[in-house]
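Colleague: Here you go, final_1.cif (mmCIF, C-alpha atoms):
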data_entry
loop_
_atom_site.group_PDB
_atom_site.id
_atom_site.type_symbol
_atom_site.label_atom_id
_atom_site.label_comp_id
_atom_site.auth_asym_id
_atom_site.auth_seq_id
_atom_site.Cartn_x
_atom_site.Cartn_y
_atom_site.Cartn_z
ATOM 1 C CA MET A 213 18.836 0.071 11.370
ATOM 2 C CA ASN A 214 21.465 -2.367 10.138
ATOM 3 C CA LEU A 215 23.446 -4.081 12.869
ATOM 4 C CA SER A 216 26.486 -6.324 12.592
ATOM 5 C CA GLN A 217 26.179 -9.885 13.821
ATOM 6 C CA SER A 218 27.789 -9.058 17.184
ATOM 7 C CA GLU A 219 25.799 -5.817 17.662
ATOM 8 C CA TRP A 220 22.539 -7.590 16.817
ATOM 9 C CA ALA A 221 23.252 -10.481 19.194
ATOM 10 C CA SER A 222 24.394 -8.363 22.146
ATOM 11 C CA GLN A 223 21.576 -5.820 21.759
ATOM 12 C CA LEU A 224 19.005 -8.613 21.425
ATOM 13 C CA GLU A 225 20.282 -10.346 24.548
ATOM 14 C CA ALA A 226 19.939 -7.155 26.605
ATOM 15 C CA ASP A 227 16.500 -6.192 25.242
ATOM 16 C CA PRO A 228 13.513 -7.324 27.339
ATOM 17 C CA ASN A 229 11.148 -5.890 24.687
ATOM 18 C CA ALA A 230 12.617 -7.883 21.787
ATOM 19 C CA VAL A 231 10.827 -9.909 19.126
ATOM 20 C CA ILE A 232 12.873 -11.941 16.631
ATOM 21 C CA LEU A 233 11.267 -11.937 13.179
ATOM 22 C CA ASP A 234 12.328 -14.333 10.408
ATOM 23 C CA VAL A 235 11.090 -13.114 7.001
ATOM 24 C CA ARG A 236 12.304 -16.106 4.974
ATOM 25 C CA SER A 237 10.164 -18.633 3.107
ATOM 26 C CA GLU A 238 8.677 -21.682 4.812
ATOM 27 C CA GLU A 239 11.296 -23.910 3.155
ATOM 28 C CA GLU A 240 14.120 -21.735 4.512
ATOM 29 C CA TRP A 241 12.445 -21.563 7.943
ATOM 30 C CA ASN A 242 12.384 -25.375 8.091
ATOM 31 C CA GLU A 243 16.174 -25.464 7.584
ATOM 32 C CA GLY A 244 16.661 -23.890 11.015
ATOM 33 C CA ILE A 245 15.897 -20.699 12.915
ATOM 34 C CA ILE A 246 17.395 -18.401 15.505
ATOM 35 C CA PRO A 247 15.802 -19.569 18.794
ATOM 36 C CA GLY A 248 12.548 -17.805 19.650
ATOM 37 C CA ALA A 249 11.918 -16.425 16.159
ATOM 38 C CA ILE A 250 8.476 -15.951 14.684
ATOM 39 C CA THR A 251 8.024 -16.120 10.920
ATOM 40 C CA ILE A 252 6.258 -13.938 8.381
ATOM 41 C CA ASP A 253 7.379 -14.556 4.779
ATOM 42 C CA ILE A 254 8.090 -11.211 3.104
ATOM 43 C CA ARG A 255 7.439 -12.780 -0.322
ATOM 44 C CA GLN A 256 3.734 -13.056 0.576
ATOM 45 C CA GLY A 257 3.113 -9.451 -0.510
ATOM 46 C CA GLN A 258 -0.071 -8.009 0.956
ATOM 47 C CA ALA A 259 -0.401 -10.929 3.386
ATOM 48 C CA PHE A 260 2.999 -9.944 4.799
ATOM 49 C CA VAL A 261 1.845 -6.337 5.229
ATOM 50 C CA ASP A 262 -1.388 -7.481 6.899
ATOM 51 C CA ASP A 263 0.462 -9.834 9.272
ATOM 52 C CA VAL A 264 3.020 -7.162 10.171
ATOM 53 C CA LYS A 265 0.245 -4.639 10.879
ATOM 54 C CA ALA A 266 -1.156 -7.115 13.423
ATOM 55 C CA LEU A 267 2.124 -7.076 15.394
ATOM 56 C CA ASP A 268 2.658 -4.919 18.493
ATOM 57 C CA SER A 269 4.429 -1.802 17.182
ATOM 58 C CA THR A 270 5.728 -0.962 20.671
ATOM 59 C CA LYS A 271 8.075 -3.973 20.593
ATOM 60 C CA ASN A 272 11.640 -3.933 19.219
ATOM 61 C CA TYR A 273 11.956 -6.157 16.149
ATOM 62 C CA TYR A 274 15.166 -8.006 15.329
ATOM 63 C CA VAL A 275 14.660 -9.054 11.728
ATOM 64 C CA TYR A 276 16.625 -11.547 9.656
ATOM 65 C CA CYS A 277 16.533 -13.496 6.419
ATOM 66 C CA ARG A 278 19.081 -15.600 4.548
ATOM 67 C CA SER A 279 21.535 -12.854 3.580
ATOM 68 C CA GLY A 280 20.179 -9.590 5.010
ATOM 69 C CA ALA A 281 18.535 -8.200 1.855
ATOM 70 C CA ARG A 282 14.898 -9.201 2.431
ATOM 71 C CA SER A 283 15.141 -8.383 6.132
ATOM 72 C CA GLY A 284 16.430 -4.922 5.197
ATOM 73 C CA GLN A 285 13.370 -4.470 2.987
ATOM 74 C CA ALA A 286 11.150 -5.728 5.808
ATOM 75 C CA CYS A 287 12.654 -3.212 8.252
ATOM 76 C CA SER A 288 12.057 -0.362 5.780
ATOM 77 C CA LEU A 289 8.451 -1.434 5.279
ATOM 78 C CA MET A 290 7.889 -1.807 9.016
ATOM 79 C CA ASP A 291 9.353 1.654 9.584
ATOM 80 C CA GLN A 292 6.868 3.052 7.035
ATOM 81 C CA LEU A 293 4.059 1.293 8.913
ATOM 82 C CA GLY A 294 4.963 3.095 12.138
ATOM 83 C CA PHE A 295 7.287 0.650 13.876
ATOM 84 C CA GLN A 296 9.827 2.631 15.892
ATOM 85 C CA LYS A 297 12.582 0.076 16.383
ATOM 86 C CA THR A 298 13.541 -2.450 13.716
ATOM 87 C CA PHE A 299 17.006 -3.953 13.503
ATOM 88 C CA ASN A 300 18.287 -5.773 10.427
ATOM 89 C CA LEU A 301 20.816 -8.584 10.863
ATOM 90 C CA GLU A 302 23.600 -7.782 8.368
ATOM 91 C CA GLY A 303 24.606 -10.899 6.462
ATOM 92 C CA GLY A 304 21.512 -12.778 7.602
ATOM 93 C CA ILE A 305 21.445 -16.270 9.001
ATOM 94 C CA MET A 306 24.158 -17.324 6.523
ATOM 95 C CA ASN A 307 26.691 -15.426 8.650
ATOM 96 C CA TRP A 308 25.008 -16.049 12.001
ATOM 97 C CA GLU A 309 27.448 -17.437 14.539
ATOM 98 C CA GLY A 310 24.894 -17.991 17.292
ATOM 99 C CA GLU A 311 22.607 -20.913 17.945
ATOM 100 C CA VAL A 312 20.300 -22.272 15.218
ATOM 101 C CA VAL A 313 17.521 -24.702 16.110
ATOM 102 C CA ALA A 314 14.787 -26.640 14.353
ATOM 103 C CA PRO A 315 11.512 -24.668 14.242
#
Can I see the file as structure tokens?
Modeller:
Amino acid sequence: MNLSQSEWASQLEADPNAVILDVRSEEEWNEGIIPGAITIDIRQGQAFVDDVKALDSTKNYYVYCRSGARSGQACSLMDQLGFQKTFNLEGGIMNWEGEVVAP
């Protein structure tokens, strides 16, 4: 499900079952992250699928990338793999108005 920046932030804040997932490359990750994020690079193909399968599918995943395109793809793939709740950050970290920290 695509969420606006404000919807994503407010829903994340109120969700005790939340996991923040950054699907950008290592280089992008090193430029700064949303606090608490874990990273799995979607461009890693099968390795991405394998790493995602190892995640707890009962959690709620708040997924982002640079602009929202790759994270949208990641949410679709996760949905196909049986994840019930994935939330894509529309506009990605480029439009993020919240805190960004060094990984």
Colleague: First collect every listed atom of range 249-254 of chain A; then fit an axis-aligned box around them, widen it by 5 Å on each side, and give centre and edge lengths in Å to one decimal, as AutoDock Vina command-line options.
Modeller:
--center_x 9.1 --center_y -13.8 --center_z 9.6 --size_x 15.7 --size_y 15.2 --size_z 23.1
Colleague: Here is a test: counting all atoms listed in the file, which residue of A:Pro247, A:Trp308, A:Ser279, A:Asn272 is nearest to Val235 in chain A?
Modeller: A:Ser279
Colleague: When you draw a straight line from CA of Val312 in chain A to CA of Gln258 in chain A, how long is it in Å?
Modeller: 28.7 Å
Colleague: Could you state the separation of CA of Trp220 in chain A and CA of Glu309 in chain A in Å, given to one decimal place?
Modeller: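 CA of Glu309 in chain A lies at a distance of 11.2 Å from CA of Trp220 in chain A.
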Colleague: Using only C-alpha atoms, which of the listed residues (A:Ile252, A:Tyr276, A:Ser269, A:Ser216) sits closest to Asn229 in chain A?
Modeller: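 The closest residue to Asn229 in chain A is A:Ser269.
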Colleague: Check which residues satisfy the PyMOL selection byres ((chain A and resi 299-301) around 10) in the file shown, then give them as a PyMOL selection string.
Modeller: chain A and resi 213-221+223-224+232-233+272-288+297-298+302-305+307-308
Colleague: So how many Å separate CA of Met306 in chain A and CA of Val264 in chain A, to one decimal?
Modeller: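 Going from CA of Met306 in chain A over to CA of Val264 in chain A, I get 23.7 Å.
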Colleague: Pick from A:Phe295, A:Leu267, A:Met290, A:Ala314: nearest to Glu240 in chain A, with only C-alpha atoms counted?
Modeller: A:Ala314
Colleague: Calculated over all atoms listed in the file, which of the candidates A:Ala266, A:Val313, A:Ile254, A:Ala259 has the smallest distance to Ser237 in chain A?
Modeller: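 The closest residue to Ser237 in chain A is A:Ile254.
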Colleague: Write out as an mmCIF file with C-alpha atoms, in the coordinates of the input the residues lying within 12 Å of Glu239 in chain A, counting only C-alpha atoms and excluding same-chain residues fewer than 3 positions away.
Modeller:
data_model
loop_
_atom_site.group_PDB
_atom_site.id
_atom_site.type_symbol
_atom_site.label_atom_id
_atom_site.label_comp_id
_atom_site.auth_asym_id
_atom_site.auth_seq_id
_atom_site.Cartn_x
_atom_site.Cartn_y
_atom_site.Cartn_z
ATOM 1 C CA VAL A 235 11.090 -13.114 7.001
ATOM 2 C CA ARG A 236 12.304 -16.106 4.974
ATOM 3 C CA ASN A 242 12.384 -25.375 8.091
ATOM 4 C CA GLU A 243 16.174 -25.464 7.584
ATOM 5 C CA GLY A 244 16.661 -23.890 11.015
ATOM 6 C CA ILE A 245 15.897 -20.699 12.915
ATOM 7 C CA THR A 251 8.024 -16.120 10.920
ATOM 8 C CA ASP A 253 7.379 -14.556 4.779
ATOM 9 C CA ARG A 278 19.081 -15.600 4.548
ATOM 10 C CA PRO A 315 11.512 -24.668 14.242
#
Colleague: From the list A:Gln296, A:Phe260, A:Asp268, A:Asp234, which residue is nearest Ile246 in chain A when using all atoms listed in the file?
Modeller: A:Asp234
Colleague: With all atoms listed in the file as the atoms that count, which of A:Thr270, A:Gly257, A:Glu311, A:Asp227 lies nearest to Asp291 in chain A?
Modeller: A:Thr270
